[in-house]
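K.L.:
Sharing coords_12.cif here; it has mmCIF, C-alpha atoms (C1' of nucleotides); chains and numbers go by the auth columns.
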```cif
data_structure
loop_
_atom_site.group_PDB
_atom_site.id
_atom_site.type_symbol
_atom_site.label_atom_id
_atom_site.label_comp_id
_atom_site.label_asym_id
_atom_site.label_seq_id
_atom_site.Cartn_x
_atom_site.Cartn_y
_atom_site.Cartn_z
_atom_site.B_iso_or_equiv
_atom_site.auth_seq_id
_atom_site.auth_asym_id
ATOM 1 C CA MET A 1 72.188 -214.094 -29.255 0.00 165 T
ATOM 2 C CA PRO A 2 71.278 -213.928 -25.566 0.00 166 T
ATOM 3 C CA VAL A 3 73.258 -211.540 -23.450 0.00 167 T
ATOM 4 C CA THR A 4 75.463 -213.346 -20.914 0.00 168 T
ATOM 5 C CA PRO A 5 77.252 -210.730 -18.787 0.00 169 T
ATOM 6 C CA LEU A 6 80.175 -211.677 -16.565 0.00 170 T
ATOM 7 C CA PRO A 7 78.625 -212.358 -13.130 0.00 171 T
ATOM 8 C CA ALA A 8 79.278 -210.500 -9.882 0.00 172 T
ATOM 9 C CA GLU A 9 81.502 -213.347 -8.678 0.00 173 T
ATOM 10 C CA PHE A 10 83.944 -212.629 -11.505 0.00 174 T
ATOM 11 C CA PHE A 11 84.585 -209.193 -10.054 0.00 175 T
ATOM 12 C CA ASP A 12 84.593 -210.254 -6.395 0.00 176 T
ATOM 13 C CA ARG A 13 88.269 -211.243 -6.398 0.00 177 T
ATOM 14 C CA HIS A 14 91.595 -209.497 -5.944 0.00 178 T
ATOM 15 C CA VAL A 15 91.835 -206.507 -8.271 0.00 179 T
ATOM 16 C CA THR A 16 95.005 -207.690 -10.021 0.00 180 T
ATOM 17 C CA GLN A 17 93.401 -211.042 -10.818 0.00 181 T
ATOM 18 C CA VAL A 18 90.405 -209.293 -12.351 0.00 182 T
ATOM 19 C CA ALA A 19 92.590 -206.805 -14.246 0.00 183 T
ATOM 20 C CA VAL A 20 94.497 -209.636 -15.913 0.00 184 T
ATOM 21 C CA GLU A 21 91.454 -211.738 -16.707 0.00 185 T
ATOM 22 C CA LEU A 22 89.600 -208.797 -18.221 0.00 186 T
ATOM 23 C CA LEU A 23 92.083 -208.803 -21.095 0.00 187 T
ATOM 24 C CA GLY A 24 90.283 -210.388 -24.027 0.00 188 T
ATOM 25 C CA LYS A 25 86.822 -209.824 -22.560 0.00 189 T
ATOM 26 C CA ILE A 26 84.276 -207.729 -24.449 0.00 190 T
ATOM 27 C CA LEU A 27 82.926 -204.430 -23.112 0.00 191 T
ATOM 28 C CA VAL A 28 79.454 -203.728 -24.485 0.00 192 T
ATOM 29 C CA ARG A 29 77.423 -200.519 -24.342 0.00 193 T
ATOM 30 C CA ARG A 30 73.832 -200.299 -25.512 0.00 194 T
ATOM 31 C CA SER A 31 72.399 -196.812 -25.781 0.00 195 T
ATOM 32 C CA ARG A 32 69.528 -195.199 -27.628 0.00 196 T
ATOM 33 C CA GLU A 33 71.860 -194.613 -30.579 0.00 197 T
ATOM 34 C CA GLY A 34 72.879 -198.253 -30.898 0.00 198 T
ATOM 35 C CA VAL A 35 75.302 -200.892 -29.661 0.00 199 T
ATOM 36 C CA THR A 36 79.057 -200.328 -29.451 0.00 200 T
ATOM 37 C CA ALA A 37 81.537 -202.931 -28.235 0.00 201 T
ATOM 38 C CA GLY A 38 85.243 -203.735 -28.123 0.00 202 T
ATOM 39 C CA ARG A 39 87.764 -206.263 -26.861 0.00 203 T
ATOM 40 C CA ILE A 40 89.701 -205.160 -23.786 0.00 204 T
ATOM 41 C CA VAL A 41 93.446 -205.011 -24.530 0.00 205 T
ATOM 42 C CA GLU A 42 94.772 -202.832 -21.675 0.00 206 T
ATOM 43 C CA THR A 43 93.873 -202.443 -17.986 0.00 207 T
ATOM 44 C CA GLU A 44 95.280 -200.952 -14.807 0.00 208 T
ATOM 45 C CA ALA A 45 94.685 -202.054 -11.216 0.00 209 T
ATOM 46 C CA TYR A 46 94.158 -199.583 -8.382 0.00 210 T
ATOM 47 C CA LEU A 47 94.593 -201.196 -4.989 0.00 211 T
ATOM 48 C CA ALA A 48 92.546 -200.914 -1.822 0.00 212 T
ATOM 49 C CA GLN A 49 95.732 -200.904 0.264 0.00 213 T
ATOM 50 C CA ALA A 50 99.086 -199.150 -0.038 0.00 214 T
ATOM 51 C CA ASP A 51 98.265 -197.385 -3.296 0.00 215 T
ATOM 52 C CA THR A 52 98.226 -193.604 -3.003 0.00 216 T
ATOM 53 C CA ALA A 53 97.235 -193.289 -6.672 0.00 217 T
ATOM 54 C CA ALA A 54 93.884 -194.998 -6.061 0.00 218 T
ATOM 55 C CA HIS A 55 91.014 -192.541 -5.763 0.00 219 T
ATOM 56 C CA SER A 56 89.795 -194.462 -2.717 0.00 220 T
ATOM 57 C CA ALA A 57 93.049 -193.673 -0.890 0.00 221 T
ATOM 58 C CA VAL A 58 91.759 -190.272 0.288 0.00 222 T
ATOM 59 C CA GLY A 59 88.700 -191.785 1.941 0.00 223 T
ATOM 60 C CA ILE A 60 85.088 -191.845 0.829 0.00 224 T
ATOM 61 C CA ASN A 61 83.516 -188.747 -0.690 0.00 225 T
ATOM 62 C CA ARG A 62 80.684 -187.957 -3.079 0.00 226 T
ATOM 63 C CA LYS A 63 82.725 -188.567 -6.228 0.00 227 T
ATOM 64 C CA ASN A 64 84.496 -191.796 -5.360 0.00 228 T
ATOM 65 C CA ALA A 65 81.763 -193.464 -3.286 0.00 229 T
ATOM 66 C CA THR A 66 81.193 -196.184 -5.895 0.00 230 T
ATOM 67 C CA MET A 67 84.689 -197.538 -5.263 0.00 231 T
ATOM 68 C CA PHE A 68 83.651 -198.335 -1.709 0.00 232 T
ATOM 69 C CA GLY A 69 80.613 -200.307 -2.826 0.00 233 T
ATOM 70 C CA ALA A 70 79.895 -203.743 -4.239 0.00 234 T
ATOM 71 C CA PRO A 71 81.984 -205.470 -6.920 0.00 235 T
ATOM 72 C CA GLY A 72 80.786 -205.428 -10.526 0.00 236 T
ATOM 73 C CA HIS A 73 79.677 -201.788 -10.647 0.00 237 T
ATOM 74 C CA ALA A 74 80.916 -199.048 -12.972 0.00 238 T
ATOM 75 C CA TYR A 75 83.071 -196.322 -11.433 0.00 239 T
ATOM 76 C CA VAL A 76 83.263 -193.339 -13.789 0.00 240 T
ATOM 77 C CA TYR A 77 85.301 -190.247 -12.965 0.00 241 T
ATOM 78 C CA THR A 78 86.125 -186.976 -14.676 0.00 242 T
ATOM 79 C CA ILE A 79 89.660 -185.810 -15.372 0.00 243 T
ATOM 80 C CA HIS A 80 90.970 -183.114 -17.700 0.00 244 T
ATOM 81 C CA ALA A 81 87.413 -182.510 -18.863 0.00 245 T
ATOM 82 C CA ARG A 82 87.093 -186.165 -19.908 0.00 246 T
ATOM 83 C CA GLN A 83 85.627 -189.352 -18.485 0.00 247 T
ATOM 84 C CA CYS A 84 87.290 -192.635 -17.571 0.00 248 T
ATOM 85 C CA PHE A 85 85.615 -196.001 -16.990 0.00 249 T
ATOM 86 C CA ASN A 86 86.507 -198.462 -14.248 0.00 250 T
ATOM 87 C CA VAL A 87 84.915 -201.562 -12.804 0.00 251 T
ATOM 88 C CA VAL A 88 84.869 -201.992 -9.036 0.00 252 T
ATOM 89 C CA THR A 89 86.309 -205.248 -7.742 0.00 253 T
ATOM 90 C CA GLN A 90 86.683 -205.881 -4.019 0.00 254 T
ATOM 91 C CA PRO A 91 85.797 -202.767 -1.984 0.00 255 T
ATOM 92 C CA ARG A 92 88.044 -199.719 -2.451 0.00 256 T
ATOM 93 C CA SER A 93 89.759 -201.274 -5.476 0.00 257 T
ATOM 94 C CA ALA A 94 89.004 -200.958 -9.185 0.00 258 T
ATOM 95 C CA VAL A 95 90.241 -201.759 -12.668 0.00 259 T
ATOM 96 C CA LEU A 96 90.670 -198.865 -15.096 0.00 260 T
ATOM 97 C CA VAL A 97 89.925 -200.036 -18.635 0.00 261 T
ATOM 98 C CA ARG A 98 92.473 -198.177 -20.766 0.00 262 T
ATOM 99 C CA ALA A 99 91.993 -199.457 -24.307 0.00 263 T
ATOM 100 C CA LEU A 100 89.732 -201.535 -26.537 0.00 264 T
ATOM 101 C CA GLU A 101 90.015 -203.109 -29.939 0.00 265 T
ATOM 102 C CA PRO A 102 86.835 -201.783 -31.597 0.00 266 T
ATOM 103 C CA LEU A 103 84.500 -204.605 -32.662 0.00 267 T
ATOM 104 C CA GLN A 104 80.946 -203.364 -33.080 0.00 268 T
ATOM 105 C CA GLY A 105 79.294 -200.036 -33.900 0.00 269 T
ATOM 106 C CA LEU A 106 82.381 -198.598 -35.561 0.00 270 T
ATOM 107 C CA ASP A 107 80.455 -195.890 -37.403 0.00 271 T
ATOM 108 C CA LEU A 108 78.809 -194.753 -34.192 0.00 272 T
ATOM 109 C CA MET A 109 82.152 -194.690 -32.408 0.00 273 T
ATOM 110 C CA ALA A 110 83.695 -192.699 -35.241 0.00 274 T
ATOM 111 C CA ALA A 111 80.871 -190.172 -35.155 0.00 275 T
ATOM 112 C CA ARG A 112 81.176 -189.713 -31.396 0.00 276 T
ATOM 113 C CA ARG A 113 84.972 -189.451 -31.565 0.00 277 T
ATOM 114 C CA GLY A 114 85.116 -187.212 -34.599 0.00 278 T
ATOM 115 C CA THR A 115 87.646 -189.378 -36.401 0.00 279 T
ATOM 116 C CA GLN A 116 87.566 -192.318 -38.794 0.00 280 T
ATOM 117 C CA VAL A 117 90.968 -193.590 -37.706 0.00 281 T
ATOM 118 C CA LEU A 118 90.248 -197.057 -36.296 0.00 282 T
ATOM 119 C CA ARG A 119 93.293 -197.033 -34.049 0.00 283 T
ATOM 120 C CA ASP A 120 92.228 -193.759 -32.427 0.00 284 T
ATOM 121 C CA LEU A 121 88.668 -194.757 -31.548 0.00 285 T
ATOM 122 C CA CYS A 122 89.332 -196.545 -28.229 0.00 286 T
ATOM 123 C CA ARG A 123 93.083 -196.233 -27.529 0.00 287 T
ATOM 124 C CA GLY A 124 93.164 -194.457 -24.161 0.00 288 T
ATOM 125 C CA PRO A 125 90.668 -194.416 -21.288 0.00 289 T
ATOM 126 C CA ALA A 126 88.948 -191.154 -22.167 0.00 290 T
ATOM 127 C CA ARG A 127 88.777 -192.086 -25.833 0.00 291 T
ATOM 128 C CA LEU A 128 86.991 -195.367 -25.206 0.00 292 T
ATOM 129 C CA ALA A 129 84.594 -193.691 -22.806 0.00 293 T
ATOM 130 C CA GLU A 130 83.698 -191.178 -25.488 0.00 294 T
ATOM 131 C CA ALA A 131 83.392 -193.836 -28.207 0.00 295 T
ATOM 132 C CA LEU A 132 81.010 -195.892 -26.046 0.00 296 T
ATOM 133 C CA ASP A 133 79.189 -192.879 -24.611 0.00 297 T
ATOM 134 C CA ILE A 134 80.109 -193.755 -21.037 0.00 298 T
ATOM 135 C CA GLY A 135 79.592 -190.627 -18.947 0.00 299 T
ATOM 136 C CA ARG A 136 79.378 -189.680 -15.294 0.00 300 T
ATOM 137 C CA GLU A 137 75.725 -190.699 -15.353 0.00 301 T
ATOM 138 C CA CYS A 138 76.917 -194.317 -15.708 0.00 302 T
ATOM 139 C CA ASP A 139 78.719 -194.134 -12.362 0.00 303 T
ATOM 140 C CA GLY A 140 77.333 -196.767 -10.010 0.00 304 T
ATOM 141 C CA TRP A 141 75.592 -198.850 -12.684 0.00 305 T
ATOM 142 C CA ALA A 142 75.628 -202.605 -12.121 0.00 306 T
ATOM 143 C CA LEU A 143 77.463 -204.278 -14.986 0.00 307 T
ATOM 144 C CA THR A 144 75.786 -207.593 -14.318 0.00 308 T
ATOM 145 C CA SER A 145 72.278 -206.856 -15.599 0.00 309 T
ATOM 146 C CA GLY A 146 73.209 -206.819 -19.296 0.00 310 T
ATOM 147 C CA ARG A 147 70.915 -203.901 -20.023 0.00 311 T
ATOM 148 C CA ARG A 148 72.956 -200.801 -20.912 0.00 312 T
ATOM 149 C CA LEU A 149 76.555 -201.590 -20.022 0.00 313 T
ATOM 150 C CA TRP A 150 78.183 -204.935 -19.375 0.00 314 T
ATOM 151 C CA MET A 151 81.135 -207.282 -19.954 0.00 315 T
ATOM 152 C CA GLU A 152 81.081 -210.565 -21.861 0.00 316 T
ATOM 153 C CA PRO A 153 83.469 -213.492 -22.198 0.00 317 T
ATOM 154 C CA GLY A 154 85.701 -213.118 -25.229 0.00 318 T
ATOM 155 C CA ALA A 155 85.287 -215.227 -28.333 0.00 319 T
ATOM 156 C CA GLU A 156 86.762 -218.714 -28.048 0.00 320 T
ATOM 157 C CA THR A 157 89.952 -219.090 -30.042 0.00 321 T
ATOM 158 C CA ASP A 158 91.902 -222.181 -31.012 0.00 322 T
ATOM 159 C CA ALA A 159 95.225 -220.389 -30.830 0.00 323 T
ATOM 160 C CA PRO A 160 96.884 -220.634 -27.406 0.00 324 T
ATOM 161 C CA GLN A 161 96.742 -217.270 -25.639 0.00 325 T
ATOM 162 C CA ARG A 162 100.081 -215.545 -25.180 0.00 326 T
ATOM 163 C CA GLU A 163 100.601 -214.317 -21.659 0.00 327 T
ATOM 164 C CA CYS A 164 99.984 -210.646 -21.013 0.00 328 T
ATOM 165 C CA LEU A 165 102.669 -208.065 -20.300 0.00 329 T
ATOM 166 C CA VAL A 166 103.007 -205.966 -17.132 0.00 330 T
ATOM 167 C CA SER A 167 104.361 -202.432 -16.691 0.00 331 T
ATOM 168 C CA THR A 168 104.075 -199.300 -14.580 0.00 332 T
ATOM 169 C CA ARG A 169 100.831 -197.345 -14.825 0.00 333 T
ATOM 170 C CA ILE A 170 100.438 -194.413 -17.173 0.00 334 T
ATOM 171 C CA GLY A 171 99.875 -190.857 -16.014 0.00 335 T
ATOM 172 C CA VAL A 172 100.005 -191.475 -12.275 0.00 336 T
ATOM 173 C CA THR A 173 102.182 -189.176 -10.211 0.00 337 T
ATOM 174 C CA SER A 174 102.264 -191.102 -6.945 0.00 338 T
ATOM 175 C CA ALA A 175 102.956 -194.792 -6.401 0.00 339 T
ATOM 176 C CA HIS A 176 104.373 -194.690 -9.894 0.00 340 T
ATOM 177 C CA LYS A 177 106.707 -197.618 -9.301 0.00 341 T
ATOM 178 C CA LEU A 178 103.937 -200.159 -8.891 0.00 342 T
ATOM 179 C CA LEU A 179 103.684 -202.629 -11.770 0.00 343 T
ATOM 180 C CA LEU A 180 99.937 -202.681 -12.183 0.00 344 T
ATOM 181 C CA ARG A 181 99.325 -202.071 -15.884 0.00 345 T
ATOM 182 C CA PHE A 182 98.453 -205.093 -17.995 0.00 346 T
ATOM 183 C CA HIS A 183 98.225 -205.316 -21.763 0.00 347 T
ATOM 184 C CA THR A 184 97.810 -207.734 -24.632 0.00 348 T
ATOM 185 C CA PRO A 185 101.107 -208.226 -26.521 0.00 349 T
ATOM 186 C CA ASP A 186 101.381 -206.903 -30.070 0.00 350 T
ATOM 187 C CA SER A 187 97.966 -205.254 -30.140 0.00 351 T
ATOM 188 C CA LEU A 188 97.753 -202.131 -32.294 0.00 352 T
ATOM 189 C CA PHE A 189 95.055 -200.828 -29.976 0.00 353 T
ATOM 190 C CA VAL A 190 97.075 -200.502 -26.763 0.00 354 T
ATOM 191 C CA SER A 191 98.025 -196.998 -25.544 0.00 355 T
ATOM 192 C CA GLY A 192 101.448 -195.974 -24.265 0.00 356 T
ATOM 193 C CA THR A 193 104.758 -195.787 -26.062 0.00 357 T
ATOM 194 C CA LYS A 194 106.393 -198.647 -27.909 0.00 358 T
ATOM 195 C CA THR A 195 109.286 -198.592 -25.460 0.00 359 T
ATOM 196 C CA LEU A 196 106.989 -198.952 -22.439 0.00 360 T
ATOM 197 C CA ASN A 197 105.087 -201.752 -24.113 0.00 361 T
ATOM 198 C CA THR A 198 108.175 -203.778 -25.016 0.00 362 T
ATOM 199 C CA LYS A 199 111.396 -203.101 -23.102 0.00 363 T
ATOM 200 C CA GLY A 200 109.437 -201.467 -20.279 0.00 364 T
ATOM 201 C CA SER A 201 107.190 -204.469 -19.735 0.00 365 T
ATOM 202 C CA TYR A 202 107.596 -207.806 -17.959 0.00 366 T
ATOM 203 C CA ALA A 203 106.115 -211.184 -18.823 0.00 367 T
ATOM 204 C CA PHE A 204 103.162 -211.898 -16.555 0.00 368 T
ATOM 205 C CA SER A 205 104.634 -215.143 -15.201 0.00 369 T
ATOM 206 C CA GLN A 206 107.810 -213.300 -14.239 0.00 370 T
ATOM 207 C CA TRP A 207 105.838 -210.564 -12.494 0.00 371 T
ATOM 208 C CA GLN A 208 103.709 -213.162 -10.739 0.00 372 T
ATOM 209 C CA ARG A 209 106.786 -214.848 -9.352 0.00 373 T
ATOM 210 C CA ARG A 210 108.153 -211.521 -8.110 0.00 374 T
ATOM 211 C CA THR A 211 104.824 -210.456 -6.688 0.00 375 T
ATOM 212 C CA LYS A 212 104.920 -212.790 -3.728 0.00 376 T
ATOM 213 C CA LYS A 213 102.617 -211.209 -1.252 0.00 377 T
ATOM 214 C CA GLY A 214 101.286 -207.709 -1.782 0.00 378 T
ATOM 215 C CA ASP A 215 104.553 -206.434 -3.241 0.00 379 T
ATOM 216 C CA PHE A 216 103.602 -204.983 -6.587 0.00 380 T
ATOM 217 C CA THR A 217 106.878 -203.245 -7.337 0.00 381 T
ATOM 218 C "C1'" DA B 1 88.654 -164.747 -6.377 0.00 205 V
ATOM 219 C "C1'" DA B 2 92.621 -166.860 -8.018 0.00 206 V
ATOM 220 C "C1'" DA B 3 95.621 -170.659 -8.522 0.00 207 V
ATOM 221 C "C1'" DA B 4 96.809 -175.335 -8.726 0.00 208 V
ATOM 222 C "C1'" DC B 5 95.978 -179.908 -9.803 0.00 209 V
ATOM 223 C "C1'" DG B 6 95.121 -184.192 -12.365 0.00 210 V
ATOM 224 C "C1'" DA B 7 94.322 -192.413 -13.415 0.00 211 V
ATOM 225 C "C1'" DT B 8 94.281 -187.192 -20.608 0.00 212 V
ATOM 226 C "C1'" DC B 9 94.496 -185.957 -25.483 0.00 213 V
ATOM 227 C "C1'" DT B 10 95.996 -183.585 -29.594 0.00 214 V
ATOM 228 C "C1'" DA B 11 98.991 -181.343 -32.545 0.00 215 V
ATOM 229 C "C1'" DC B 12 103.219 -180.475 -33.845 0.00 216 V
ATOM 230 C "C1'" DT B 13 108.511 -181.033 -34.185 0.00 217 V
ATOM 231 C "C1'" DG C 1 109.148 -186.840 -27.674 0.00 150 N
ATOM 232 C "C1'" DT C 2 106.750 -182.706 -25.724 0.00 151 N
ATOM 233 C "C1'" DA C 3 104.156 -178.268 -25.194 0.00 152 N
ATOM 234 C "C1'" DG C 4 99.617 -176.653 -24.769 0.00 153 N
ATOM 235 C "C1'" DA C 5 94.508 -177.223 -24.253 0.00 154 N
ATOM 236 C "C1'" DT C 6 91.091 -178.526 -21.251 0.00 155 N
ATOM 237 C "C1'" DC C 7 87.642 -177.811 -17.116 0.00 156 N
ATOM 238 C "C1'" DG C 8 85.652 -179.488 -12.823 0.00 157 N
ATOM 239 C "C1'" DT C 9 87.181 -179.669 -8.265 0.00 158 N
ATOM 240 C "C1'" DT C 10 90.106 -178.507 -4.472 0.00 159 N
ATOM 241 C "C1'" DT C 11 93.244 -175.421 -2.222 0.00 160 N
ATOM 242 C "C1'" DT C 12 94.925 -171.003 -1.088 0.00 161 N
ATOM 243 C "C1'" DG C 13 94.906 -165.996 -0.080 0.00 162 N
#
```
Could the structure of this file be written out as structure tokens, please?

P.N.:
Amino acid sequence: MPVTPLPAEFFDRHVTQVAVELLGKILVRRSREGVTAGRIVETEAYLAQADTAAHSAVGINRKNATMFGAPGHAYVYTIHARQCFNVVTQPRSAVLVRALEPLQGLDLMAARRGTQVLRDLCRGPARLAEALDIGRECDGWALTSGRRLWMEPGAETDAPQRECLVSTRIGVTSAHKLLLRFHTPDSLFVSGTKTLNTKGSYAFSQWQRRTKKGDFT
DNA sequence: AAAACGATCTACT
DNA sequence: GTAGATCGTTTTG
């Protein structure tokens, strides 16, 4: 099968649009050890404007410089001694990939994670980064070359896709009221509590109607 | 030099 | 549900 990564144009759109459309796409990592891949089931958007939780909000520095660059590049940061993977969309904005449904290279993921529990392999941003061996050295990589790290369209399905759900972001301490977390309904591989993912979430169409123009609360 | 701070995770009630 | 671990980076004295 030829590798057909999502092109740069896919990422060169508003960050919330990309965050939603990434649900169902496949994140693939090819390393010396082998190929690992999973279906994206949870994302968060970090805005270029009016979002104090975005790393770009403090201005450019050595760690966050990738966020100020071209769309379609990996932005990897360290927190609590762990790594988290984002993709840059329009400048100063990025999508944090928070959870995957593991699809390929399960044994390799399990070895890297130190657990056999399928649900624990990629549920949470630092967990999926560890499972796919995405480290700080991946920061700034272009995701469009299809060499070591890229995104692919999801498998075609006959079943009509249910719309995604929207909630507040997890773990952020500022701008915590913004509704910028998106997840696939009923997936076992989404992080967060059951309450947040059901009662605490809105239907996408409802959110879209509320979100007239730049108001993401 | 010490303390505080996270876009987190795990283990344990 | 929540306390504690974790560690690189930034802030404070």

K.L.:
Can you give me, as a ChimeraX atom specification, the residues this file yields under the PyMOL selection byres ((chain N) within 8 of (chain T))?

P.N.:
/N:155-157

K.L.:
So which residues get picked by the PyMOL selection byres ((chain T) within 10 of (chain V)) here, written as a list of chain:residue names?

P.N.:
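When the PyMOL selection byres ((chain T) within 10 of (chain V)) is applied, the selected residues are T:Glu208, T:Ala209, T:Tyr210, T:Ala217, T:Ala218, T:His219, T:Tyr241, T:Thr242, T:Ile243, T:His244, T:Ala245, T:Arg246, T:Gln247, T:Cys248, T:Asn250, T:Leu260, T:Arg262, T:Gly288, T:Pro289, T:Ala290, T:Arg291, T:Arg333, T:Ile334, T:Gly335, T:Val336, T:Thr337.
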
K.L.:
Could you dump the residues just selected with C-alpha atoms as a compact mmCIF listing (two decimals), in the frame of the given file?

P.N.:
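What landed in out_16.txt:
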```txt
# COMPACT_ATOMS: atom_id res chain seq x y z
CA GLU T 208 95.28 -200.95 -14.81
CA ALA T 209 94.68 -202.05 -11.22
CA TYR T 210 94.16 -199.58 -8.38
CA ALA T 217 97.24 -193.29 -6.67
CA ALA T 218 93.88 -195.00 -6.06
CA HIS T 219 91.01 -192.54 -5.76
CA TYR T 241 85.30 -190.25 -12.96
CA THR T 242 86.12 -186.98 -14.68
CA ILE T 243 89.66 -185.81 -15.37
CA HIS T 244 90.97 -183.11 -17.70
CA ALA T 245 87.41 -182.51 -18.86
CA ARG T 246 87.09 -186.16 -19.91
CA GLN T 247 85.63 -189.35 -18.48
CA CYS T 248 87.29 -192.64 -17.57
CA ASN T 250 86.51 -198.46 -14.25
CA LEU T 260 90.67 -198.86 -15.10
CA ARG T 262 92.47 -198.18 -20.77
CA GLY T 288 93.16 -194.46 -24.16
CA PRO T 289 90.67 -194.42 -21.29
CA ALA T 290 88.95 -191.15 -22.17
CA ARG T 291 88.78 -192.09 -25.83
CA ARG T 333 100.83 -197.34 -14.82
CA ILE T 334 100.44 -194.41 -17.17
CA GLY T 335 99.88 -190.86 -16.01
CA VAL T 336 100.00 -191.48 -12.28
CA THR T 337 102.18 -189.18 -10.21
```

K.L.:
Work out how far apart atom CA of Glu327 of chain T and atom CA of Phe368 of chain T are and give it in Å to one decimal.

P.N.:
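Going from atom CA of Glu327 of chain T over to atom CA of Phe368 of chain T covers 6.2 Å.
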
K.L.:
Just say which residues the PyMOL selection byres ((chain T and resi 271) around 12) picks in this file, as a PyMOL selection string.

P.N.:
chain T and resi 197-201+266-270+272-282+285+295-296

K.L.:
Restrict the selected residues to C-alpha atoms and save them as a PDB file, keeping the file's coordinate frame.

P.N.:
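Saved result, result13.pdb, follows:
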```pdb
ATOM      1  CA  GLU T 197      71.860-194.613 -30.579  1.00  0.00           C
ATOM      2  CA  GLY T 198      72.879-198.253 -30.898  1.00  0.00           C
ATOM      3  CA  VAL T 199      75.302-200.892 -29.661  1.00  0.00           C
ATOM      4  CA  THR T 200      79.057-200.328 -29.451  1.00  0.00           C
ATOM      5  CA  ALA T 201      81.537-202.931 -28.235  1.00  0.00           C
ATOM      6  CA  PRO T 266      86.835-201.783 -31.597  1.00  0.00           C
ATOM      7  CA  LEU T 267      84.500-204.605 -32.662  1.00  0.00           C
ATOM      8  CA  GLN T 268      80.946-203.364 -33.080  1.00  0.00           C
ATOM      9  CA  GLY T 269      79.294-200.036 -33.900  1.00  0.00           C
ATOM     10  CA  LEU T 270      82.381-198.598 -35.561  1.00  0.00           C
ATOM     11  CA  LEU T 272      78.809-194.753 -34.192  1.00  0.00           C
ATOM     12  CA  MET T 273      82.152-194.690 -32.408  1.00  0.00           C
ATOM     13  CA  ALA T 274      83.695-192.699 -35.241  1.00  0.00           C
ATOM     14  CA  ALA T 275      80.871-190.172 -35.155  1.00  0.00           C
ATOM     15  CA  ARG T 276      81.176-189.713 -31.396  1.00  0.00           C
ATOM     16  CA  ARG T 277      84.972-189.451 -31.565  1.00  0.00           C
ATOM     17  CA  GLY T 278      85.116-187.212 -34.599  1.00  0.00           C
ATOM     18  CA  THR T 279      87.646-189.378 -36.401  1.00  0.00           C
ATOM     19  CA  GLN T 280      87.566-192.318 -38.794  1.00  0.00           C
ATOM     20  CA  VAL T 281      90.968-193.590 -37.706  1.00  0.00           C
ATOM     21  CA  LEU T 282      90.248-197.057 -36.296  1.00  0.00           C
ATOM     22  CA  LEU T 285      88.668-194.757 -31.548  1.00  0.00           C
ATOM     23  CA  ALA T 295      83.392-193.836 -28.207  1.00  0.00           C
ATOM     24  CA  LEU T 296      81.010-195.892 -26.046  1.00  0.00           C
TER      25      LEU T 296
END
```

K.L.:
Which distance in Å separates atom CA of Ala258 of chain T and atom CA of Thr207 of chain T, to one decimal?

P.N.:
10.2 Å

K.L.:
Work out how far apart atom CA of Arg373 of chain T and atom CA of Gly188 of chain T are and give it in Å to one decimal.

P.N.:
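For atom CA of Arg373 of chain T relative to atom CA of Gly188 of chain T, the distance reads 22.5 Å.
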